[in-house]
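What follows is a single structure, written as structure tokens, with notes after it.
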Amino acid sequence: MFRGVERSRARYLETDEIERLINAIDEPDFRDSVMGAIATGCRYQELARLCVKDVQLDAAAVQIRESKSGKPRSMFLNDEGLAFFETMTAGRRGAGRDARGAVR
């Protein structure tokens with residue numbers, strides 16, 4: 001059997017590792033996908049299914065309607081993640097906030 005497989009190992013990228021990773025990606029769409037994954041922890045298919053209406057800027061969250069488990073969930077965003085999704089949704093139909101600060 002394989003040693004050390006009885007428990008999972010959690011390892012997270014350090015800030016400098018994230019910056020090097022992002023800077024090493026030449027393809028803009030792939031860079032956006034990686035940045036979305038870093039901001040949310042979501043899987044590729046979860047990110048690929050996102051619509052503008054799933055980004056809740058006022059709540060600093062992204063709604064994952066269809067996940068691997070089949071259960072919807074919210075992924076809360078830090079300041080960098082919120083800025084990223086504000087940029088990604090800017091000017092798109094359904095993006096922005098109304099006078100009350102709610103996402104349109």
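Residues are referred to by chain and number: the chain letter is A, B, ... according to the order shown in the structure tokens, the number counts from 1 in that chain, and ligands are numbered separately from 1 in the order shown.
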
List every residue of chain A that DSSP, applied to the backbone of this structure, assigns to strand (DSSP E or B), and report them as a list in words.
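DSSP on the backbone gives strand (DSSP E or B) at Val55, Gln56, Ala61, Val62, Gln63, Ile64, Arg73, Ser74, Met75, Phe76, Arg97 and Val103 of chain A.
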
Need to verify the contact set: Thr15 in chain A, 12 Å, only C-alpha atoms, exclusion of same-chain residues closer than 5 positions in sequence. Can you return it as a list in words?
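Within the cut-off, the hits are Arg20, Leu21, Ile22, Ile38 and Glu80 of chain A.
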
Produce a file of the selected residues containing C-alpha atoms, as a short mmCIF file (atom, residue, chain, number, x, y, z; two decimals), in the first residue's frame.
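Result file follows (out.cif):
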```
data_model
loop_
_atom_site.label_atom_id
_atom_site.label_comp_id
_atom_site.auth_asym_id
_atom_site.auth_seq_id
_atom_site.Cartn_x
_atom_site.Cartn_y
_atom_site.Cartn_z
CA ARG A 20 4.23 33.82 -9.39
CA LEU A 21 1.54 31.45 -10.64
CA ILE A 22 -0.66 34.26 -11.96
CA ILE A 38 -7.99 31.19 -6.00
CA GLU A 80 -9.23 40.80 -3.58
#
```

Write out as number ranges by chain which residues come within 10 Å of Arg49 in chain A when counting only C-alpha atoms, dropping same-chain ones fewer than 4 positions away.
A: 44-45, 54, 64-67

Please measure the separation of CA of Asp58 in chain A and CA of Thr89 in chain A, giving the value in Å to one decimal.
13.1 Å
